[in-house]
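The next block is work31.tsv, given as TSV, C-alpha atoms.
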chain	number	residue	atom	x	y	z
G	1470	MET	CA	183.66	133.97	113.79
G	1471	PRO	CA	182.55	135.22	110.33
G	1472	SER	CA	179.98	137.98	110.40
G	1473	LEU	CA	176.48	136.67	110.68
G	1474	ILE	CA	174.28	138.83	108.44
G	1475	ILE	CA	170.54	138.28	108.54
G	1476	CYS	CA	168.05	140.20	106.44
G	1477	PHE	CA	165.02	141.12	108.52
G	1478	GLN	CA	163.03	142.69	105.66
G	1479	CYS	CA	159.58	141.21	105.10
G	1480	GLN	CA	159.88	138.95	108.18
G	1481	ALA	CA	157.34	138.89	110.98
G	1482	PRO	CA	158.51	140.48	114.27
G	1483	LYS	CA	158.31	137.14	116.07
G	1484	LEU	CA	160.52	135.47	113.46
G	1485	GLN	CA	162.93	138.40	113.56
G	1486	LEU	CA	163.36	137.84	117.30
G	1487	CYS	CA	163.98	134.14	116.70
G	1488	TRP	CA	166.84	135.00	114.35
G	1489	ILE	CA	168.28	137.35	116.96
G	1490	ILE	CA	168.21	134.58	119.57
G	1491	ILE	CA	170.06	132.22	117.20
G	1492	ALA	CA	172.65	134.86	116.37
G	1493	LEU	CA	173.30	135.59	120.02
G	1494	ALA	CA	173.61	131.89	120.82
G	1495	LEU	CA	176.14	131.33	118.04
G	1496	THR	CA	178.11	134.37	119.09
G	1497	SER	CA	178.26	133.24	122.71
G	1498	LEU	CA	179.54	129.83	121.66
G	1499	SER	CA	182.27	131.23	119.43
G	1500	CYS	CA	183.48	134.08	121.63
G	1501	ALA	CA	183.99	132.16	124.85
G	1502	SER	CA	187.66	132.03	125.67
G	1503	ALA	CA	189.18	128.89	127.17
G	1504	PHE	CA	192.68	127.52	127.15
G	1505	LEU	CA	193.93	124.08	128.09
G	1506	THR	CA	197.64	124.53	127.78
G	1507	ILE	CA	200.97	123.07	128.75
G	1508	PRO	CA	204.51	124.40	128.47
G	1509	ASP	CA	206.45	123.23	125.43
G	1510	GLY	CA	209.81	123.66	127.09
G	1511	LYS	CA	210.69	126.75	125.07
G	1512	GLY	CA	208.77	129.40	126.94
G	1513	ARG	CA	205.71	128.98	124.73
G	1514	ARG	CA	202.39	127.48	125.67
G	1515	ILE	CA	201.04	124.40	123.99
G	1516	THR	CA	197.28	124.41	123.94
G	1517	SER	CA	195.79	120.95	123.90
G	1518	HIS	CA	193.92	120.16	120.72
G	1519	PHE	CA	190.72	118.14	120.82
G	1520	LYS	CA	188.73	116.50	118.07
G	1521	SER	CA	185.07	115.65	118.35
G	1522	GLY	CA	184.76	112.18	119.80
G	1523	SER	CA	188.41	111.84	120.78
G	1524	LEU	CA	190.74	113.52	123.19
G	1525	THR	CA	194.15	113.90	121.59
G	1526	SER	CA	195.63	115.42	124.70
G	1527	LEU	CA	194.44	117.18	127.79
G	1528	MET	CA	197.36	118.12	129.96
G	1529	THR	CA	200.06	115.94	128.34
G	1530	SER	CA	201.35	112.53	129.22
G	1531	ASN	CA	204.67	113.22	130.91
G	1532	LYS	CA	207.67	115.38	130.58
G	1533	CYS	CA	209.14	113.26	127.81
G	1534	HIS	CA	206.08	112.67	125.68
G	1535	TYR	CA	203.52	115.21	124.51
G	1536	HIS	CA	200.69	114.87	121.98
G	1537	SER	CA	199.72	118.49	121.52
G	1538	LYS	CA	199.68	121.28	118.99
G	1539	ILE	CA	200.29	124.95	119.42
G	1540	VAL	CA	196.78	126.15	118.76
G	1541	LYS	CA	194.30	128.54	120.29
G	1542	LEU	CA	190.91	127.29	121.32
G	1543	ASP	CA	188.18	129.90	121.03
G	1544	ALA	CA	185.81	127.78	123.10
G	1545	LEU	CA	185.68	124.46	124.87
G	1546	THR	CA	184.76	121.64	122.53
G	1547	GLU	CA	181.95	119.31	123.53
G	1548	ARG	CA	184.52	116.65	124.41
G	1549	GLN	CA	186.39	119.06	126.66
G	1550	MET	CA	183.15	120.13	128.31
G	1551	GLN	CA	182.34	116.49	128.93
G	1552	PHE	CA	185.76	115.89	130.46
G	1553	TRP	CA	185.56	118.78	132.90
G	1554	GLU	CA	182.02	117.87	133.91
G	1555	ASP	CA	183.25	114.36	134.69
G	1556	VAL	CA	186.16	115.83	136.64
G	1557	GLU	CA	183.86	117.88	138.84
G	1558	LYS	CA	181.54	114.93	139.48
G	1559	GLY	CA	184.46	112.68	140.34
G	1560	LEU	CA	186.13	115.15	142.69
G	1561	ASP	CA	183.06	115.51	144.88
G	1562	PRO	CA	183.14	112.03	146.50
G	1563	ILE	CA	186.93	112.19	146.85
G	1564	GLU	CA	186.69	115.43	148.79
G	1565	GLN	CA	183.82	114.12	150.90
G	1566	TYR	CA	185.79	111.00	151.84
G	1567	TYR	CA	188.91	112.89	152.90
G	1568	MET	CA	186.94	115.57	154.71
G	1569	ASP	CA	185.25	112.88	156.77
G	1570	ALA	CA	188.40	110.80	157.31
G	1571	LYS	CA	191.10	113.44	157.72
G	1572	GLY	CA	189.52	116.86	157.49
G	1573	GLU	CA	191.34	117.52	154.20
G	1574	ASN	CA	189.74	119.50	151.38
G	1575	ILE	CA	190.85	119.71	147.76
G	1576	SER	CA	190.28	123.41	147.14
G	1577	ARG	CA	193.73	123.74	145.54
G	1578	VAL	CA	192.91	120.97	143.06
G	1579	ARG	CA	189.62	122.64	142.16
G	1580	GLU	CA	191.56	125.84	141.50
G	1581	PHE	CA	193.96	123.76	139.39
G	1582	ALA	CA	190.97	122.61	137.31
G	1583	ARG	CA	189.72	126.16	136.83
G	1584	ARG	CA	193.15	127.31	135.72
G	1585	ALA	CA	193.50	124.38	133.30
G	1586	GLN	CA	190.24	125.48	131.68
G	1587	GLY	CA	191.55	129.02	131.25
G	1588	LEU	CA	189.22	130.46	133.88
G	1589	THR	CA	192.04	131.88	136.02
G	1590	PRO	CA	195.44	133.31	134.98
G	1591	VAL	CA	198.66	131.35	134.69
G	1592	PRO	CA	200.66	131.78	137.93
G	1593	GLN	CA	203.69	134.00	138.07
G	1594	PRO	CA	207.20	132.48	138.43
G	1595	LEU	CA	208.23	132.01	142.05
G	1596	ALA	CA	211.98	132.16	141.45
G	1597	PRO	CA	214.50	132.78	138.65
G	1598	GLY	CA	214.12	130.12	135.98
G	1599	HIS	CA	210.73	129.01	137.25
G	1600	GLN	CA	208.23	128.37	134.45
G	1601	PRO	CA	204.86	127.43	135.97
G	1602	SER	CA	202.03	126.46	133.66
G	1603	GLU	CA	198.26	126.05	133.88
G	1604	GLU	CA	198.95	122.71	135.53
G	1605	HIS	CA	199.81	124.27	138.86
G	1606	ILE	CA	198.96	123.76	142.52
G	1607	ASP	CA	199.13	126.93	144.59
G	1608	GLY	CA	201.22	127.22	147.75
G	1609	LEU	CA	203.88	124.56	147.06
G	1610	THR	CA	207.53	125.31	147.71
G	1611	ALA	CA	209.42	125.99	144.48
G	1612	ARG	CA	213.06	124.91	144.71
G	1613	THR	CA	215.51	123.92	141.98
G	1614	PHE	CA	217.14	121.05	143.87
G	1615	TRP	CA	215.91	119.29	147.01
G	1616	ASP	CA	218.91	118.13	149.02
G	1617	LEU	CA	218.67	115.04	151.18
G	1618	ASN	CA	219.68	115.76	154.75
G	1619	PRO	CA	218.49	114.93	158.30
G	1620	ALA	CA	216.39	118.10	158.39
G	1621	ASN	CA	214.10	116.95	155.57
G	1622	GLU	CA	214.45	113.18	155.83
G	1623	GLU	CA	210.75	112.87	156.71
G	1624	LEU	CA	209.85	114.38	153.33
G	1625	PHE	CA	211.56	111.53	151.48
G	1626	PRO	CA	211.53	108.51	153.83
G	1627	TRP	CA	212.23	106.16	150.92
G	1628	ALA	CA	215.24	108.01	149.50
G	1629	LEU	CA	218.02	106.81	151.78
G	1630	LYS	CA	216.89	103.19	151.46
G	1631	LEU	CA	216.94	103.51	147.68
G	1632	GLU	CA	220.48	104.89	147.74
G	1633	GLN	CA	221.61	102.12	150.06
G	1634	LYS	CA	220.26	99.47	147.69
G	1635	SER	CA	221.17	101.23	144.46
G	1636	GLY	CA	223.76	98.54	143.74
G	1637	ILE	CA	220.92	96.13	142.92
G	1638	ILE	CA	219.69	98.43	140.15
G	1639	GLN	CA	223.19	99.16	138.89
G	1640	ALA	CA	223.98	95.47	138.63
G	1641	GLU	CA	220.84	94.68	136.64
G	1642	LEU	CA	221.51	97.52	134.24
G	1643	GLU	CA	225.16	96.57	133.78
G	1644	GLU	CA	224.13	93.01	133.00
G	1645	LYS	CA	221.80	94.20	130.25
G	1646	LEU	CA	224.33	96.60	128.80
G	1647	ALA	CA	227.05	93.92	128.81
G	1648	LYS	CA	224.81	91.69	126.70
G	1649	GLY	CA	224.39	94.47	124.18
G	1650	GLN	CA	220.61	94.45	124.48
G	1651	LYS	CA	218.85	97.26	122.66
G	1652	LEU	CA	216.82	98.78	125.47
G	1653	PHE	CA	216.66	102.50	124.96
G	1654	VAL	CA	214.37	104.21	122.48
G	1655	GLY	CA	213.09	107.73	121.93
G	1656	ASP	CA	209.44	108.56	122.55
G	1657	SER	CA	208.53	110.59	119.48
G	1658	ALA	CA	209.93	112.91	116.83
G	1659	TRP	CA	208.52	115.89	118.74
G	1660	GLN	CA	210.08	114.71	121.99
G	1661	SER	CA	213.43	114.37	120.22
G	1662	GLN	CA	213.24	118.02	119.26
G	1663	ILE	CA	213.14	118.90	122.96
G	1664	MET	CA	215.24	116.17	124.53
G	1665	GLY	CA	217.71	115.89	121.67
G	1666	GLY	CA	218.69	112.86	119.64
G	1667	GLY	CA	221.09	111.64	122.32
G	1668	TRP	CA	218.37	111.05	124.93
G	1669	SER	CA	216.43	107.79	125.10
G	1670	ALA	CA	214.57	105.77	127.73
G	1671	PHE	CA	213.45	102.34	128.84
G	1672	ARG	CA	210.18	102.70	130.72
G	1673	LEU	CA	209.13	100.62	133.71
G	1674	GLN	CA	206.05	102.67	134.49
G	1675	ARG	CA	204.10	105.26	132.56
G	1676	LEU	CA	201.03	107.25	133.53
G	1677	GLY	CA	200.61	105.17	136.66
G	1678	VAL	CA	200.69	101.82	134.86
G	1679	TRP	CA	203.59	99.39	135.19
G	1680	ASN	CA	204.87	97.95	131.91
G	1681	VAL	CA	204.80	94.25	132.75
G	1682	GLU	CA	207.06	93.17	129.90
G	1683	ASN	CA	209.70	95.78	130.70
G	1684	CYS	CA	209.53	95.12	134.44
G	1685	GLU	CA	210.25	91.45	133.74
G	1686	GLU	CA	213.58	92.59	132.25
G	1687	PHE	CA	214.45	94.24	135.59
G	1688	PRO	CA	212.68	92.11	138.23
G	1689	LYS	CA	214.93	93.10	141.14
G	1690	THR	CA	214.62	96.80	140.33
G	1691	TYR	CA	210.86	96.47	140.08
G	1692	GLU	CA	210.54	94.65	143.40
G	1693	LEU	CA	212.82	97.15	145.12
G	1694	LEU	CA	210.85	100.14	143.89
G	1695	ARG	CA	207.55	98.57	144.88
G	1696	SER	CA	208.86	97.75	148.36
G	1697	LEU	CA	209.86	101.33	149.18
G	1698	ASN	CA	206.36	102.81	148.96
G	1699	ILE	CA	207.57	105.74	146.88
G	1700	PRO	CA	204.65	108.16	146.30
G	1701	LEU	CA	204.87	107.71	142.52
G	1702	ALA	CA	203.12	110.40	140.54
G	1703	VAL	CA	201.34	110.20	137.22
G	1704	ARG	CA	204.33	110.53	134.89
G	1705	GLY	CA	206.36	107.41	135.48
G	1706	VAL	CA	209.63	105.57	136.10
G	1707	CYS	CA	212.30	104.95	133.49
G	1708	PHE	CA	215.94	104.26	132.85
G	1709	ALA	CA	217.32	107.21	130.88
G	1710	ARG	CA	220.38	107.16	128.65
G	1711	GLN	CA	222.24	110.28	127.54
G	1712	GLY	CA	224.54	109.45	124.65
G	1713	CYS	CA	228.10	110.64	124.50
G	1714	GLN	CA	228.72	114.17	123.24
G	1715	SER	CA	225.04	115.10	123.56
G	1716	GLY	CA	222.73	117.06	125.81
G	1717	VAL	CA	219.16	118.07	126.51
G	1718	GLY	CA	218.26	121.69	125.78
G	1719	SER	CA	216.68	123.94	128.38
G	1720	HIS	CA	213.00	123.15	128.89
G	1721	SER	CA	210.30	123.03	131.57
G	1722	ASP	CA	207.21	120.88	131.94
G	1723	GLY	CA	205.48	123.46	134.13
G	1724	ARG	CA	203.97	121.04	136.66
G	1725	ASN	CA	205.04	122.12	140.12
G	1726	PHE	CA	203.27	119.33	141.99
G	1727	ILE	CA	205.58	116.57	140.72
G	1728	LEU	CA	209.23	116.27	141.70
G	1729	THR	CA	211.76	114.14	139.85
G	1730	ALA	CA	214.53	112.00	141.30
G	1731	HIS	CA	217.54	110.91	139.25
G	1732	LEU	CA	219.43	107.95	140.67
G	1733	GLY	CA	222.96	107.96	139.27
G	1734	LEU	CA	223.81	104.56	137.81
G	1735	LYS	CA	226.62	105.04	135.28
G	1736	ILE	CA	227.97	108.59	135.35
G	1737	PRO	CA	231.08	109.52	133.35
G	1738	ASN	CA	233.08	112.31	134.94
G	1739	GLY	CA	231.96	115.69	133.60
G	1740	CYS	CA	228.25	115.00	133.02
G	1741	TRP	CA	226.04	117.77	134.40
G	1742	ILE	CA	222.49	118.89	134.98
G	1743	LYS	CA	221.41	122.52	135.31
G	1744	VAL	CA	218.14	123.59	136.97
G	1745	GLY	CA	217.10	127.23	137.14
G	1746	GLY	CA	220.68	128.32	136.52
G	1747	GLU	CA	222.21	126.06	139.19
G	1748	GLU	CA	224.51	123.38	137.80
G	1749	ARG	CA	225.38	120.08	139.49
G	1750	GLU	CA	226.85	116.69	138.61
G	1751	TRP	CA	225.21	113.34	139.25
G	1752	GLN	CA	226.88	110.84	141.55
G	1753	GLU	CA	226.65	107.10	141.15
G	1754	GLY	CA	224.44	105.55	143.83
G	1755	LYS	CA	223.08	108.95	144.88
G	1756	LEU	CA	219.80	110.73	144.23
G	1757	THR	CA	219.49	114.12	142.61
G	1758	ILE	CA	216.00	115.51	143.29
G	1759	LEU	CA	214.80	118.40	141.16
G	1760	ASP	CA	211.73	120.43	140.32
G	1761	THR	CA	211.16	120.22	136.56
G	1762	SER	CA	208.81	123.20	136.55
G	1763	PHE	CA	212.11	125.12	136.45
G	1764	ASP	CA	214.04	125.41	133.21
G	1765	HIS	CA	216.46	122.51	133.17
G	1766	SER	CA	219.05	121.07	130.82
G	1767	THR	CA	221.72	118.37	130.80
G	1768	GLY	CA	225.04	117.71	129.15
G	1769	ASN	CA	227.29	114.74	128.49
G	1770	PRO	CA	230.53	116.06	126.99
G	1771	THR	CA	232.30	112.71	127.44
G	1772	ASP	CA	232.89	109.75	125.15
G	1773	ASP	CA	230.72	107.38	127.21
G	1774	ASP	CA	226.98	107.08	127.76
G	1775	ARG	CA	225.39	108.35	130.97
G	1776	HIS	CA	222.63	106.34	132.68
G	1777	VAL	CA	220.23	107.33	135.45
G	1778	LEU	CA	216.97	105.96	136.82
G	1779	ILE	CA	214.26	108.64	136.71
G	1780	ILE	CA	211.44	108.53	139.26
G	1781	ASP	CA	208.58	111.03	139.22
G	1782	PHE	CA	206.81	111.42	142.56
G	1783	TRP	CA	204.33	113.73	144.26
G	1784	HIS	CA	205.53	116.97	145.82
G	1785	PRO	CA	205.82	116.22	149.57
G	1786	GLU	CA	203.66	119.23	150.51
G	1787	LEU	CA	200.58	117.78	148.80
G	1788	THR	CA	197.98	116.27	151.11
G	1789	GLU	CA	196.73	112.73	150.66
G	1790	ALA	CA	193.43	114.16	149.45
G	1791	GLU	CA	195.19	116.24	146.80
G	1792	LYS	CA	197.26	113.30	145.59
G	1793	SER	CA	194.13	111.21	145.26
G	1794	ALA	CA	192.29	113.99	143.45
G	1795	LEU	CA	195.13	114.64	141.00
G	1796	SER	CA	195.49	110.92	140.36
G	1797	PHE	CA	191.80	110.81	139.50
G	1798	VAL	CA	192.08	113.76	137.09
G	1799	TYR	CA	195.01	112.30	135.18
G	1800	ASP	CA	193.61	108.78	135.16
G	1801	LEU	CA	190.39	110.16	133.69
G	1802	ARG	CA	192.43	112.09	131.15
G	1803	ASN	CA	194.12	108.84	130.08
G	1804	LYS	CA	190.76	107.11	129.72
G	1805	PHE	CA	189.52	109.92	127.51
G	1806	GLU	CA	192.66	109.81	125.37
G	1807	THR	CA	192.42	106.05	124.87
G	1808	GLY	CA	188.73	106.23	123.95
G	1809	ASN	CA	187.53	104.34	127.02
G	1810	ILE	CA	184.99	107.05	127.83
G	1811	PRO	CA	182.15	107.17	125.27
G	1812	PHE	CA	181.06	110.51	123.91
G	1813	ARG	CA	177.93	112.14	125.27
G	1814	THR	CA	176.42	115.58	124.99
G	1815	PRO	CA	177.65	117.68	127.92
G	1816	GLU	CA	174.95	118.54	130.43
G	1817	ALA	CA	175.65	122.27	130.20
G	1818	LEU	CA	175.23	122.19	126.42
G	1819	ARG	CA	172.13	120.01	126.63
G	1820	LYS	CA	170.48	122.41	129.06
G	1821	LYS	CA	171.47	125.34	126.90
G	1822	ASN	CA	170.03	123.70	123.80
G	1823	GLU	CA	166.84	122.82	125.64
G	1824	GLY	CA	166.51	126.47	126.63
G	1825	LEU	CA	166.97	127.64	123.05
G	1826	VAL	CA	164.46	125.10	121.76
G	1827	GLY	CA	161.98	126.28	124.38
G	1828	LEU	CA	162.43	129.87	123.31
G	1829	TRP	CA	162.07	128.93	119.67
G	1830	ASN	CA	158.88	127.00	120.35
G	1831	SER	CA	157.43	129.82	122.41
G	1832	PHE	CA	157.86	132.23	119.53
G	1833	THR	CA	156.90	129.91	116.67
G	1834	GLY	CA	154.21	127.93	118.44
G	1835	GLY	CA	156.14	124.73	117.75

File written out as structure tokens:
Amino acid sequence: MPSLIICFQCQAPKLQLCWIIIALALTSLSCASAFLTIPDGKGRRITSHFKSGSLTSLMTSNKCHYHSKIVKLDALTERQMQFWEDVEKGLDPIEQYYMDAKGENISRVREFARRAQGLTPVPQPLAPGHQPSEEHIDGLTARTFWDLNPANEELFPWALKLEQKSGIIQAELEEKLAKGQKLFVGDSAWQSQIMGGGWSAFRLQRLGVWNVENCEEFPKTYELLRSLNIPLAVRGVCFARQGCQSGVGSHSDGRNFILTAHLGLKIPNGCWIKVGGEEREWQEGKLTILDTSFDHSTGNPTDDDRHVLIIDFWHPELTEAEKSALSFVYDLRNKFETGNIPFRTPEALRKKNEGLVGLWNSFTGG
């Protein structure tokens, strides 16, 4: 903040004190430190940028599509303050419901909110290659790949059924590809910088909302996914194409509370995915489950395209209360971004302004 210089000569003592109050108020507003950041996939932090009256981005849309700038916020904007006030108000009844019904609290989600506001430090990595961000839930297992086996079958009760019926999805995709339909598109120029020009997607669901038009192109896939009761998280479901002789550079989305499943659909021999330094190959009809809060990258060194179905779902160690609370936070974020929440003066700022006005009036007799 530029220096605020006020000349007190020839001013009454009461008016001098009024100027001091104003100066202190302005200083407190400009010196508060708050960060709403996400990982940009290159070890940096992207701090969400807000404009008065609109919310460009809060904690990003999904791992393939960000609307953020690398900026530093010296203080919460009024729109940010409004968002976090609405978050706190909305979390209260959710916690009360689950406490009464199941005895589950959402203390980890409230800590998540404090960290996203820059009130608590970014967590430390839990393993080599782990890149946690401000969007973090404490206490969750951090693992590069989650293997499907009888010991953890209860964590993913839908997975085996999806593998068994993967032929339905493969057949629908092959039919579309055989017709030469142009399905796959990139998300944005910025996303292409991270994912590379060879990566593109066809989205069935995004941010918790099914794309009706796209789902009509894959009706059997849509019905199958809906029937399995997969605990879909806020990012989405999409077919992903990796073009021949291309790859995705190492990046991390930082969110440890969402896992990602890749169902192999059309996998040329030699295609690979690396997570936290561990490299594997996809298999057709099989799921590869990974934690994208680790650095991860992919490669297709072949002369054919690679296709997988990507499904983002909640980390199995989250409680039902936490899933509900996180869903609320991100749904509210989407409503702010789309302008569905009108602007209002945050209560904290209104009370602060009322206090300043009262002080001013007490000194000036106004």

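Nearest to G:His1605 of all the residues G:Glu1750, G:Glu1573, G:Asp1722, G:Glu1622 is G:Asp1722, based on only C-alpha atoms.
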
Just want the 9 Å neighbourhood of G:Gln1674, counted on only C-alpha atoms, with same-chain residues fewer than 3 positions away dropped. Output as a PyMOL selection string.
chain G and resi 1677-1681+1683-1684+1704-1707

Tell me, counting only C-alpha atoms, for each residue of stretch 1625-1707 of chain G within 8 Å of stretch 1753-1767 of chain G, which pair of atoms is nearest and how far apart they are in Å to one decimal, in rows ordered by chain and increasing number, as JSON lines.
{"residue": "G:Ala1628", "atom": "CA", "partner": "G:Leu1756", "partner_atom": "CA", "distance": 7.5}
{"residue": "G:Glu1632", "atom": "CA", "partner": "G:Gly1754", "partner_atom": "CA", "distance": 5.6}
{"residue": "G:Gln1633", "atom": "CA", "partner": "G:Gly1754", "partner_atom": "CA", "distance": 7.7}
{"residue": "G:Ser1635", "atom": "CA", "partner": "G:Gly1754", "partner_atom": "CA", "distance": 5.5}
{"residue": "G:Gly1636", "atom": "CA", "partner": "G:Gly1754", "partner_atom": "CA", "distance": 7.0}

Rank nothing, just name the residue among G:Ala1709, G:Val1654, G:Leu1732, G:Leu1795 nearest to G:Glu1580, using all atoms listed in the file.
G:Leu1795

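Between G:Leu1631 and the residues G:Pro1815, G:Gly1712, G:Gly1733, G:Pro1688, the shortest atom-to-atom distance, using all atoms listed in the file, involves G:Gly1733.
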
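Separating atom CA of G:Gln1711 from atom CA of G:Glu1685 is a distance of 23.2 Å.
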
Which residues of stretch 1611-1702 of chain G come within 6 Å of stretch 1776-1785 of chain G, and what is each one's closest atom pair and distance in Å (one decimal), counting all atoms listed in the file, sorted by chain and residue number, as a tab-separated table?
residue	atom	partner	partner_atom	distance
G:Leu1624	CA	G:Pro1785	CA	5.8
G:Pro1700	CA	G:Phe1782	CA	5.4
G:Leu1701	CA	G:Phe1782	CA	4.2
G:Ala1702	CA	G:Phe1782	CA	4.3

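Picture a line from atom CA of G:Gly1667 to atom CA of G:Glu1748; it runs 19.7 Å.
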
Taking all atoms listed in the file into account, which of G:Trp1668, G:Lys1558, G:Gln1650, G:Phe1726 comes nearest G:Leu1787?
G:Phe1726

Taking all atoms listed in the file into account, name the residue in G:Val1578, G:Gly1723, G:Ala1647, G:Lys1735 that is nearest to G:Leu1595.
G:Gly1723

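Nearest residue to G:Ala1611, choosing from G:Ala1570, G:Ala1794, G:Val1744, G:Leu1588 and counting all atoms listed in the file: G:Val1744.
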
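Atom CA of G:Glu1564 to atom CA of G:Phe1581 spans 14.5 Å [interatomic distance, one decimal].
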
Hey, what's within 10 Å of G:Ala1582 if we count all atoms listed in the file and toss same-chain stuff fewer than 5 positions away? As a ChimeraX atom specification, please?
/G:1505,1553,1556-1557,1576-1577,1587-1589,1603-1606,1795,1798

Output requested as a tab-separated table (two decimals), in the frame of the given file - stretch 1741-1747 of chain G, filled out with all heavy atoms.
chain	number	residue	atom	x	y	z
G	1741	TRP	N	226.64	116.75	133.54
G	1741	TRP	CA	226.04	117.77	134.40
G	1741	TRP	C	224.55	117.93	134.13
G	1741	TRP	O	224.04	117.55	133.07
G	1741	TRP	CB	226.73	119.12	134.21
G	1741	TRP	CG	226.78	119.60	132.78
G	1741	TRP	CD1	227.79	119.41	131.87
G	1741	TRP	CD2	225.75	120.32	132.08
G	1741	TRP	NE1	227.47	119.98	130.66
G	1741	TRP	CE2	226.22	120.54	130.75
G	1741	TRP	CE3	224.50	120.80	132.43
G	1741	TRP	CZ2	225.47	121.21	129.78
G	1741	TRP	CZ3	223.74	121.47	131.46
G	1741	TRP	CH2	224.23	121.67	130.17
G	1742	ILE	N	223.89	118.51	135.12
G	1742	ILE	CA	222.49	118.89	134.98
G	1742	ILE	C	222.34	120.29	135.57
G	1742	ILE	O	222.89	120.59	136.64
G	1742	ILE	CB	221.54	117.90	135.69
G	1742	ILE	CG1	220.07	118.35	135.53
G	1742	ILE	CG2	221.90	117.70	137.15
G	1742	ILE	CD1	219.06	117.30	135.96
G	1743	LYS	N	221.62	121.15	134.86
G	1743	LYS	CA	221.41	122.52	135.31
G	1743	LYS	C	219.92	122.76	135.50
G	1743	LYS	O	219.11	122.45	134.62
G	1743	LYS	CB	221.97	123.51	134.28
G	1743	LYS	CG	221.82	124.98	134.70
G	1743	LYS	CD	222.32	125.92	133.60
G	1743	LYS	CE	223.82	125.82	133.43
G	1743	LYS	NZ	224.34	126.82	132.45
G	1744	VAL	N	219.54	123.29	136.65
G	1744	VAL	CA	218.14	123.59	136.97
G	1744	VAL	C	218.05	125.03	137.45
G	1744	VAL	O	218.69	125.40	138.44
G	1744	VAL	CB	217.59	122.64	138.05
G	1744	VAL	CG1	216.10	122.93	138.30
G	1744	VAL	CG2	217.79	121.19	137.64
G	1745	GLY	N	217.27	125.84	136.74
G	1745	GLY	CA	217.10	127.23	137.14
G	1745	GLY	C	218.40	127.98	137.28
G	1745	GLY	O	218.54	128.85	138.14
G	1746	GLY	N	219.40	127.63	136.48
G	1746	GLY	CA	220.68	128.32	136.52
G	1746	GLY	C	221.70	127.69	137.45
G	1746	GLY	O	222.88	128.08	137.43
G	1747	GLU	N	221.29	126.73	138.27
G	1747	GLU	CA	222.21	126.06	139.19
G	1747	GLU	C	222.67	124.73	138.58
G	1747	GLU	O	221.85	123.88	138.24
G	1747	GLU	CB	221.54	125.80	140.55
G	1747	GLU	CG	222.45	125.15	141.57
G	1747	GLU	CD	221.76	124.92	142.91
G	1747	GLU	OE1	220.61	125.40	143.08
G	1747	GLU	OE2	222.38	124.27	143.78
